[in-house]
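Q: Let me begin by handing over the structure; questions about it come next.
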Amino acid sequence: MVYIPRFNVYIPKDVSDALNALSQRKDLIPMGGGSDLLVLIRSGIVKADTVLDLWPLRKELAYIKRENGTVRIGALTTVSELCESDLIKDVRYAGLADVCKKFSTPFIRNIATVGGNVGAAHPLSDIALMLLVLNGKVKLLSKNGERTVDITKFFKGKRQTVRNHDEIIAEVSFTETPPNSSTAFIKFDRRWGHAMGYVLVGAYMQLRNNVIEDVRIAFDSMGNPYPERAWKTEEFLKEKEFSDEVIKQALNDVLPKEMKRITDYRASAEYRLDLSKVLLRRALLKIKSRIEGGD
Amino acid sequence: MSMIPREEWDKYPDVEITLNVNGKDYKVKVKPYERLLDVLRYKLGFTGVKEGCGRGECGACVVLMDGKLVPSCLVLAVRANGSKILTVEGLAPEGKLHAIQKALLDTYAVQCGFCFPGVILAIKALLDRNPNPTDEEVKDALSGQLCRCGSYLRFIKAVKLAAQYIREGKEYFDESEVRG
Amino acid sequence: MSELPEYVRIVEEIFDKYKDKEFLYVGKRIQRWDAVEKVKGRILFTADFAKYYRNAVFVYSVRTKYAHARIKSIDISEAQRYPGVLRVITAKDIPGVNDVGYVIPDQPLLVSDKARYIGDIIALIVAEDPNVAREAGELIKVDYEKLPVITDPLQVVDLRTLKEKEHPLIHEERGSDIVAHFKIRKGDVKKAFDEADVVVEGEYRTPFQEHAYMEPEAAIALPEADGGVTIIATTQCPFDVRKAVAKVLGITQNKVRVIVPAVGGGFGGKEDVANELGAKAALAALMTGRPAVVIHSREESIIGHSKRHPMRAWYRHAAKRDGTLLAVEANIVFDTGAYASLGPFVAWRATVHATGPYKVEAARVDTLSVYTNNVYAGAFRGFGCPQTAFAIEMQMDALAEELGMDPVDLRLKNILREGDRTVHGQLLTKDHGVGLEEAILKAVEASKWYEKRKLFSKQSGTLRKGIGIGLLWHGNSIGVEGADYSSATLIINRDGSITFRVGLIDMGQGSQWGMVLIASEILGVPPSYFRVEQPDTAATPDSGPTVASRSTVMGGAAVVNAAYKLRQRLNKVASTLLGCDPGDVEIRAPDVYCRSDPKKKVSWNDVVEQSFWLGIPLQEFGYFRAPPAEWDEETGQGAPYITYTFGAIIAEVTVDLETGGVKVDRMVTAYDIGKVINRVGAELHAEGGAIQGLGYALMEEVVHNKDAYVMNANLSTYYIPTIHDAPDEIIPIFVEAKYRRGPFGAKGLGEPSINGIAPAIVNAVRHATGLKFYSIPLTPEKVYMALKRAGKTPL
């Protein structure tokens with residue numbers, strides 16, 4: 001039995017009702033699936049006066065749309081819905097399928113939301129990490145209007161985003177990637193099922209005639225407590241031939257320069273760095289084989 | 001999780017919700033912060049729904065809510081208002097066992113039984129959408145159900161056996177068939 | 001023969017009678033009595049009973065802020081005034097003795113002068129709403145004087161000299177933080193090492209392991225009109241809970257009733273914690289006059305109940321060039337945390353088993369159990385054996401490598417066989433049943449050991465396979481820990497149905513079912529005739545605690561006695577009805593007939609009814625007591641256990657050299673359990689123990705920070721195996737080297753089923769990587785770093 005801190009719940013009728021409430025009240029904390037927020041409240045890490053239940057907004061904000069070369073995912077789409085969609089069957093977005101396979105547990109996927117994963121701003125936010133390599137954008141809504149933020153600029157600190165108190169995450173989107181590209185995501189931990197991960201890596205790559213036309217790489221942490229891109233490593237790899245030596249150089253010479261790992265009771269910095277290299281190499285090899293047909 | 005409502009709790013006014021549990025409608029007063037888990041267990045008496053961790057990490061508390069497997073410890077009762085809930089108690093009519101339950105008996109998987117309600121519903125959720133799963137698909141579907149007594153290998157066999165029973169048209173069995 | 005007590009004679013008589021018989025029920029796969037209730041989700045566990053009580057109160061435990069601190073004062077006034085709070089209970093409110101220690105009275109229920117670990121309880125808040133109780137808990141004001149925190153047992157003693165070091169005492173009232181010290185002194189160890197051809201030495205380390213049973217602890221107490229209390233609790237030891245609660249309340253034991261419903265896993269973790277929960281609930285119930293409910297959260301469970309003792313051990317083995325073991329030396333230190341719990345017994349059992357199931361001519365073993373400010377350690381399946389087995393089996397493989405011998409061959413050269421003496425000088429005879437060699441040979445065959453050992457030695461690529469072996473032995477029941485007795489009652493009701501009462505509980509292992517099968521076999525009645533009553537100190541007899549792999553061996557022997565005597569009486573009654581000799585009566589309920597003339601037949605009901613008319617009682621209390629164990633405190637010589645379960649585990653793994661990740665592919669688990677009684681139960685033990693042992697080997701550890709706070713007190717940071725981690729195959733093999741004084745020759749399997757798992761897995765990783773490992777959990781990082789330092793990582 002978990003002792004439940006007491007709080008009130010405000011159940012909005014629709015998006016504009018929710019935004020209205022947020023603009024007028026300082027005490028509201030928006031809740032998507034609840035799989036993150038409720039645990040934080042019950043551990044005493046977050047003090048909640050009133051929780052704004054976003055679930056009724058699903059009729060407006062749960063969707064996966066592909067139009068005009070853009071993929072738009074409503075923030076209240078559950079991870080399950082994402083994982084059962086046709087989107088992830090597209091080989092270009094196979095990395096999202098990789099996330100799905102390892103994302104928590106089936107029952108958490110049924111309540112966790114895409115917006116919640118991005119809003120959590122946690123190094124282990126798998127979907128946020130993939131959006132980083134897909135050059136994703138986050139749309140924020142408030143009573144006063146909307147604004148779109150690049151996901152690379154969305155996180156500012158441990159569990160901190162640029163979302164203002166009166167805003168909700170309404171949608172994430174990214175431009176459809178070229179046909180000669182794919183993605184991959186790898187997570188590794190000390191057990192094979194339901195693991196948070198010591199190191200998470202997501203990658204996007206575009207190959208033509210074995211030359212890396214474009215590459216984007218993100219890790220659970222590059223030194224900050226939220227997912228970030230490995231800019232220098234990407235820079236190094238761009239325009240180069242996809243070969244064993246090039247990859248090894250990138251991993252051994254470039255990545256360690258921009259990645260700072262921490263040692264905690266779960267794993268040491270040295271192991272995390274080495275593991276990052278290994279997993280990145282595997283991710284890139286996987287993408288290559290996906291582009292060349294046959295997973 | 002209160003047994004008796006008290007006046008000083010007007011700070012958190014009761015909310016009346018309707019839940020359809022195992023085919024019957026229930027009207028119940030809940031607190032806004034109350035978990036679906038506690039409402040099902042203590043207010044409606046469905047103690048087949050278990051609490052193992054309260055954080056969505058063990059799978060013991062899962063129920064089917066509108067057909068989807070959800071952790072009832074992380075679902076607020078007010079959010080469940082108006083939904084259809086299936087717990088293990090409602091899996092089969094009185095006097096009958098569901099194919100999944102029969103398969104778990106036939107594979108002799110029973111040890112302490114605490115994880116069983118969650119495992120059974122996770123299997124139901126799987127077979128509902130995938131009537132012929134591979135071993136890998138079974139493991140993925142049960143990846144969130146922890147069993148410390150270690151009946152995992154038997155669960156895999158039981159799912160395949162249950163799938164076979166259902167394919168053969170045997171979704172329910174008479175309880176008298178299994179009682180010695 | 002005549003000086004043997006009757007209850008032993010009866011067990012031996014049954015053993016002899018059934019030695020070569022075909023069994024009807026024993027050894028067969030028969031569905032357990034509560035299986036249908038469990039798959040229906042109808043069976044009730046302790047917390048489920050709370051739904052029945054309309055005016056219950058909830059008890060919240062306010063725990064200390066610091067792991068080691070003097071408590072100068074406790075101010076409960078604000079908490080008492082918090083709306084909704086009914087009572088705030090502190091140490092001074094305890095009517096009896098403020099202690100719930102299991103072996104040593106060193107563990108206050110509520111602390112008032114000193115906190116020794118992060119789970120110590122300062123006050124209990126009783127309220128109708130558990131949330132209110134918790135909120136009020138934050139208003140308890142405590143004036144602490146912080147003390148230095150000790151998290152490393154080697155701050156308390158030196159591993160080599162075993163001398164206690166200067167340090168701020170955790171248990172000042174005892175004058176020393178060494179709780180127990182056990183020894184073995186045999187032969188001339190110095191001479192053996194001087195003359196040895198090969199000496200292998202190593203320092204080994206094992207972690208705190210958490211039971212992580214799926215059902216967190218709970219207790220519900222109902223106040224009785226005469227000042228007594230009825231407690232529903234999830235516990236392995238109802239009679240010990242009764243004793244502890246009576247002591248805390250200051251009332252007689254017969255006024256405390258403890259009932260045990262279905263228990264969701266125990267593994268040793270529910271041996272003493274229910275003393276605390278029962279006492280908390282009882283105090284609240286008697287002070288408010290209402291049912292009191294205590295349910296621990298998972299975090300409270302991880303912090304607040306005993307763990308497996310972490311071990312630091314230094315071992316040295318001496319051997320001849322041909323592989324014969326000459327001597328074993330060991331210094332073993334167990335961290336028992338803030339309180340002793342079952343620590344002294346764990347240290348004793350570890351000492352007994354410290355040299356492994358091998359012939360050892362000379363040995364010097366010293367085992368110390370010391371206090372620290374970590375969470376307290378106590379009973380956990382294996383009870384000191386998994387720790388020592390790890391060290392021993394690593395040493396054996398190191399020896400094999402040094403000698404250029406196959407690990408199995410080295411072991412076969414040294415194992416205990418019938419006619420050998422253990423390191424304690426105990427002669428192992430046919431009556432004990434020594435099936436270790438057979439277990440090894442069968443495991444070797446089933447796993448294709450020699451073939452794979454060769455095959456896996458020539459590999460390339462990033463994935464490497466390995467195969468490893470671990471042997472185990474496990475003394476049955478409690479040895480010198482106390483008077484070892486058990487009892488059971490069989491009652492044949494007038495309609496022919498049978499009531500079975502035993503004080504041993506089911507935590508998933510279902511040993512009552514084995515006992516029912518024993519009674520079924522002797523009475524000639526199908527198991528479906530029996531109803532297993534839940535353990536209840538007011539109704540079921542004291543069968544001793546459900547621990548030490550003793551239920552089948554000891555409880556079963558008590559059942560043999562009860563069933564035997566009932567059968568004698570039934571035979572007599574039946575013989576008058578049938579007209580044949582009592583010895584000729586065959587009972588195959590519902591039929592009863594003469595073996596020599598089956599046409600002479602009556603029904604089971606006829607016999608039962610006739611017994612009632614004749615005034616022949618059809619209830620019997622069976623009792624069994626194990627012969628007292630012998631143990632010399634100075635030399636460790638004697639006969640510590642009634643018999644030993646033996647086993648051989650072979651594990652196959654695949655190691656990823658780039659990440660250090662280990663996957664266990666397959667395990668062959670061969671156990672000599674004397675006689676398989678409940679076949680399903682035995683198979684489930686082999687499988688379940690393999691998975692729990694896998695967790696111990698590869699992923700489980702409770703981590704404390706330097707302030708002795710637990711860093712990973714939930715199930716997503718304390719990793720137990722999921723279905724993805726289980727091996728693809730677990731092959732149980734049972735060898736039956738019968739124990740003459742066990743029911744039909746049976747020995748225990750509860751704990752042996754985990755003892756040898758971790759060593760087998762680590763030895764397999766050793767084989768795959770060619771590297772030695774000295775500590776578990778063998779996480780990917782440990783494997784990877786070892787590979788990196790040896791220059792064996794591919795990248």
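Ligands are numbered from 1 in the order shown, residues from 1 within each chain, and chains are lettered A, B, ... in the order they appear in the structure tokens.
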Identify every residue of chain B that has at least one atom within 6 Å of any atom of chain C, counting only C-alpha atoms, and report the result as a VMD selection string.
A: chain B and resid 2 42 47 to 48 52 to 53 57 101 111 to 114 117 143 146 148 to 150 152 180
Q: Kindly provide the residues of chain A that approach chain C to within 8 Å, each paired with its closest atom pair and their distance in Å to one decimal, based on only C-alpha atoms, listed by chain and increasing number, as CSV.
A:
residue,atom,partner,partner_atom,distance
A:Met1,CA,C:Ser297,CA,4.7
A:Val2,CA,C:Ser297,CA,5.2
A:Tyr3,CA,C:Asn131,CA,5.6
A:Ile4,CA,C:Asn131,CA,5.8
A:Pro5,CA,C:Asn131,CA,6.4
A:Arg6,CA,C:Asn131,CA,7.2
A:Asp189,CA,C:Pro780,CA,7.9
A:Arg190,CA,C:Thr779,CA,6.0
A:Arg191,CA,C:Asp725,CA,6.5
A:Trp192,CA,C:Asp725,CA,5.5
A:Gly193,CA,C:His724,CA,5.0
A:His194,CA,C:Thr722,CA,7.3
A:Ala195,CA,C:Ser716,CA,7.4
A:Met196,CA,C:Ser716,CA,7.5
A:Tyr265,CA,C:Val703,CA,7.4
A:Ala267,CA,C:Glu781,CA,7.1
A:Tyr271,CA,C:Glu781,CA,6.4
A:Leu275,CA,C:Thr659,CA,6.3
A:Val278,CA,C:Glu658,CA,6.6
Q: Once you have the residues from the selection above, write them out as a compact mmCIF listing (two decimals), in the first residue's frame, restricted to N, CA and C atoms.
A:
# COMPACT_ATOMS: atom_id res chain seq x y z
N MET A 1 0.85 -1.18 0.00
CA MET A 1 0.00 0.00 0.00
C MET A 1 0.88 1.22 0.00
N VAL A 2 0.63 2.07 -0.91
CA VAL A 2 1.40 3.31 -1.03
C VAL A 2 0.57 4.42 -0.40
N TYR A 3 1.19 5.21 0.43
CA TYR A 3 0.44 6.30 1.05
C TYR A 3 0.26 7.39 0.02
N ILE A 4 -0.96 7.79 -0.15
CA ILE A 4 -1.26 8.69 -1.26
C ILE A 4 -1.42 10.10 -0.75
N PRO A 5 -0.50 10.99 -1.13
CA PRO A 5 -0.71 12.40 -0.79
C PRO A 5 -2.03 12.84 -1.41
N ARG A 6 -2.74 13.65 -0.68
CA ARG A 6 -4.07 14.02 -1.16
C ARG A 6 -4.00 15.21 -2.11
N ASP A 189 20.98 -2.66 -20.38
CA ASP A 189 20.94 -2.63 -18.92
C ASP A 189 21.33 -4.02 -18.42
N ARG A 190 21.30 -4.19 -17.12
CA ARG A 190 21.78 -5.48 -16.60
C ARG A 190 20.71 -6.57 -16.63
N ARG A 191 19.48 -6.22 -17.03
CA ARG A 191 18.55 -7.32 -17.25
C ARG A 191 17.91 -7.14 -18.61
N TRP A 192 17.38 -8.23 -19.15
CA TRP A 192 16.93 -8.24 -20.53
C TRP A 192 15.49 -7.77 -20.71
N GLY A 193 14.72 -7.77 -19.66
CA GLY A 193 13.34 -7.31 -19.78
C GLY A 193 13.09 -6.12 -18.89
N HIS A 194 12.19 -5.22 -19.34
CA HIS A 194 11.76 -4.10 -18.52
C HIS A 194 12.91 -3.41 -17.81
N ALA A 195 13.79 -2.81 -18.57
CA ALA A 195 14.94 -2.17 -17.98
C ALA A 195 14.97 -0.69 -18.35
N MET A 196 15.45 0.12 -17.43
CA MET A 196 15.49 1.56 -17.68
C MET A 196 16.63 1.90 -18.64
N TYR A 265 25.64 4.73 -8.51
CA TYR A 265 25.64 3.37 -7.97
C TYR A 265 25.27 2.34 -9.03
N ALA A 267 26.24 2.45 -12.48
CA ALA A 267 27.33 2.16 -13.42
C ALA A 267 28.37 3.26 -13.33
N TYR A 271 32.49 2.87 -17.90
CA TYR A 271 31.68 1.84 -18.56
C TYR A 271 30.61 2.47 -19.43
N LEU A 275 30.31 1.81 -23.28
CA LEU A 275 29.05 1.23 -23.75
C LEU A 275 28.41 2.12 -24.80
N VAL A 278 30.00 1.32 -28.07
CA VAL A 278 29.56 0.03 -28.60
C VAL A 278 28.14 0.13 -29.16
Q: Quick one: everything within 6 Å of segment 65-81 of chain B, counting only C-alpha atoms, minus sequence neighbours fewer than 5 positions away in the same chain. Send it as a list in words.
A: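 Answer for this query is Phe107 of chain A; Ile17, Thr18, Leu19, Glu34, Arg35, Leu36, Leu37, Gly54 and Gly56 of chain B.
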Q: Can I get the selected residues back with N, CA and C atoms, as a CSV table (one decimal), in the first residue's frame?
A:
chain,number,residue,atom,x,y,z
A,107,PHE,N,1.6,-2.6,-20.1
A,107,PHE,CA,0.5,-1.8,-19.4
A,107,PHE,C,0.9,-0.4,-19.2
B,17,ILE,N,-18.8,8.3,-9.2
B,17,ILE,CA,-18.4,7.8,-10.5
B,17,ILE,C,-19.2,6.5,-10.7
B,18,THR,N,-19.3,6.1,-12.0
B,18,THR,CA,-19.9,4.8,-12.4
B,18,THR,C,-18.8,4.0,-13.0
B,19,LEU,N,-18.8,2.8,-12.5
B,19,LEU,CA,-17.9,1.8,-13.1
B,19,LEU,C,-18.6,0.6,-13.5
B,34,GLU,N,-8.0,9.2,-5.2
B,34,GLU,CA,-8.1,7.7,-5.0
B,34,GLU,C,-7.7,6.9,-6.2
B,35,ARG,N,-7.1,5.8,-6.0
B,35,ARG,CA,-6.7,5.0,-7.1
B,35,ARG,C,-7.8,4.0,-7.5
B,36,LEU,N,-7.9,3.7,-8.7
B,36,LEU,CA,-8.8,2.7,-9.2
B,36,LEU,C,-8.6,1.4,-8.4
B,37,LEU,N,-7.3,1.1,-8.1
B,37,LEU,CA,-6.9,-0.1,-7.4
B,37,LEU,C,-7.7,-0.2,-6.1
B,54,GLY,N,2.6,-0.5,-6.1
B,54,GLY,CA,2.0,0.8,-6.2
B,54,GLY,C,2.7,1.8,-7.1
B,56,GLY,N,3.6,0.8,-10.6
B,56,GLY,CA,3.5,0.3,-12.0
B,56,GLY,C,4.7,-0.5,-12.4
Q: For chain A against chain B, which residues fall within 12 Å using only C-alpha atoms, given as a ChimeraX atom specification?
A: /A:1-12,31-43,48-56,78,80-81,84,100-112,191-196
Q: Set the distance at 9 Å and use only C-alpha atoms: which residues neighbour Ser221 of chain A once local chain neighbours fewer than 3 positions away are removed? I'd like the list as a PyMOL selection string.
A: chain A and resi 123-124+199-200+218+224-229+259-261
Q: Pick out the residues sitting within 7 Å of Thr46 of chain C, and hand them over as a PyMOL selection string; count only C-alpha atoms, and ignore anything fewer than 4 positions along from it in its own chain.
A: chain C and resi 218-219+232-234+261
Q: Restricting it to C-alpha atoms, dump the selection as a PDB file, in the first residue's frame.
A:
ATOM      1  CA  ALA C 218       0.697  -7.088   6.020  1.00  0.00           C
ATOM      2  CA  ALA C 219      -1.047  -7.806   9.299  1.00  0.00           C
ATOM      3  CA  ILE C 232      -4.115 -12.305  10.471  1.00  0.00           C
ATOM      4  CA  ALA C 233      -0.568 -12.045   9.207  1.00  0.00           C
ATOM      5  CA  THR C 234       1.603 -12.955   6.283  1.00  0.00           C
ATOM      6  CA  PRO C 261      -3.998 -17.164   5.030  1.00  0.00           C
TER       7      PRO C 261
END
Q: Between A:Thr152, A:Thr177, A:Thr233, A:Ser16, which one has atoms that come closest to Arg66 of chain A, using only C-alpha atoms?
A: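 The shortest atom-to-atom distance to Arg66 of chain A comes from A:Thr177.
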Q: Applying 9 Å and only C-alpha atoms, which residues near Glu195 of chain C remain after dropping the ones on its own chain fewer than 4 positions away? List them as a VMD selection string.
A: chain C and resid 190 to 191 318 to 320 326
Q: Determine which residues of segment 1-130 of chain C receive a DSSP assignment of strand (DSSP E), computed from the backbone, and state them as an MDAnalysis selection string.
A: chainID C and resid 57:63 69:75 85:89 114:115 121:127
Q: Between atom CA of Gly615 of chain C and atom CA of Ala589 of chain C, what is the distance, to one decimal in Å?
A: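 Rounded to one decimal, the two atoms are 21.3 Å apart.
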Q: Using DSSP on the backbone, list every residue of segment 3-180 of chain B that comes out as helix (DSSP H, G or I), and give them as a PyMOL selection string.
A: chain B and resi 7-11+36-43+72-74+88-90+99-106+116-129+135-141+152-167+175-178
Q: Ranking C:Ile89, C:Ala340, C:Ala708, C:Ala400 by minimum distance to Asn763 of chain C and counting only C-alpha atoms, which one comes first?
A: C:Ala400
Q: Which residues, written as a VMD selection string, have at least one atom at most 12 Å from Lys454 of chain C, with only C-alpha atoms counted and residues fewer than 2 positions away on the same chain left out?
A: chain C and resid 406 448 to 452 456 to 459 465 to 467 767 to 768
Q: Using only N, CA and C atoms, please write the residues we just selected to a file, as a PDB file, in the first residue's frame.
A:
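Done, and the output landed in selection24.pdb:
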ATOM      1  N   ASP C 406      39.777 -30.996 -15.638  1.00  0.00           N
ATOM      2  CA  ASP C 406      38.397 -30.608 -15.930  1.00  0.00           C
ATOM      3  C   ASP C 406      37.690 -30.355 -14.588  1.00  0.00           C
ATOM      4  N   LYS C 448      25.549 -32.505 -21.669  1.00  0.00           N
ATOM      5  CA  LYS C 448      26.634 -32.794 -22.636  1.00  0.00           C
ATOM      6  C   LYS C 448      27.863 -31.975 -22.248  1.00  0.00           C
ATOM      7  N   TRP C 449      28.226 -32.084 -20.975  1.00  0.00           N
ATOM      8  CA  TRP C 449      29.285 -31.261 -20.393  1.00  0.00           C
ATOM      9  C   TRP C 449      30.599 -31.338 -21.157  1.00  0.00           C
ATOM     10  N   TYR C 450      31.148 -32.554 -21.277  1.00  0.00           N
ATOM     11  CA  TYR C 450      32.508 -32.669 -21.829  1.00  0.00           C
ATOM     12  C   TYR C 450      32.564 -32.166 -23.267  1.00  0.00           C
ATOM     13  N   GLU C 451      31.525 -32.494 -24.006  1.00  0.00           N
ATOM     14  CA  GLU C 451      31.450 -32.066 -25.409  1.00  0.00           C
ATOM     15  C   GLU C 451      31.455 -30.548 -25.505  1.00  0.00           C
ATOM     16  N   LYS C 452      30.597 -29.916 -24.676  1.00  0.00           N
ATOM     17  CA  LYS C 452      30.459 -28.468 -24.766  1.00  0.00           C
ATOM     18  C   LYS C 452      31.681 -27.772 -24.193  1.00  0.00           C
ATOM     19  N   PHE C 456      33.165 -25.106 -26.639  1.00  0.00           N
ATOM     20  CA  PHE C 456      33.128 -23.688 -26.338  1.00  0.00           C
ATOM     21  C   PHE C 456      34.520 -23.100 -26.130  1.00  0.00           C
ATOM     22  N   SER C 457      35.528 -23.954 -25.999  1.00  0.00           N
ATOM     23  CA  SER C 457      36.861 -23.406 -25.771  1.00  0.00           C
ATOM     24  C   SER C 457      37.458 -22.867 -27.058  1.00  0.00           C
ATOM     25  N   LYS C 458      36.873 -23.279 -28.211  1.00  0.00           N
ATOM     26  CA  LYS C 458      37.415 -22.708 -29.441  1.00  0.00           C
ATOM     27  C   LYS C 458      36.326 -21.863 -30.075  1.00  0.00           C
ATOM     28  N   GLN C 459      36.303 -20.593 -29.748  1.00  0.00           N
ATOM     29  CA  GLN C 459      35.281 -19.721 -30.308  1.00  0.00           C
ATOM     30  C   GLN C 459      35.897 -18.429 -30.775  1.00  0.00           C
ATOM     31  N   LYS C 465      30.095 -18.569 -25.877  1.00  0.00           N
ATOM     32  CA  LYS C 465      29.325 -19.448 -24.986  1.00  0.00           C
ATOM     33  C   LYS C 465      30.229 -20.030 -23.913  1.00  0.00           C
ATOM     34  N   GLY C 466      29.625 -20.383 -22.794  1.00  0.00           N
ATOM     35  CA  GLY C 466      30.398 -21.007 -21.725  1.00  0.00           C
ATOM     36  C   GLY C 466      29.519 -21.984 -20.981  1.00  0.00           C
ATOM     37  N   ILE C 467      30.133 -22.977 -20.356  1.00  0.00           N
ATOM     38  CA  ILE C 467      29.383 -23.933 -19.540  1.00  0.00           C
ATOM     39  C   ILE C 467      30.118 -24.098 -18.218  1.00  0.00           C
ATOM     40  N   HIS C 767      34.262 -19.667 -18.032  1.00  0.00           N
ATOM     41  CA  HIS C 767      34.632 -20.512 -19.164  1.00  0.00           C
ATOM     42  C   HIS C 767      34.540 -19.726 -20.459  1.00  0.00           C
ATOM     43  N   ALA C 768      33.511 -18.921 -20.591  1.00  0.00           N
ATOM     44  CA  ALA C 768      33.300 -18.178 -21.838  1.00  0.00           C
ATOM     45  C   ALA C 768      34.347 -17.103 -22.041  1.00  0.00           C
TER      46      ALA C 768
END
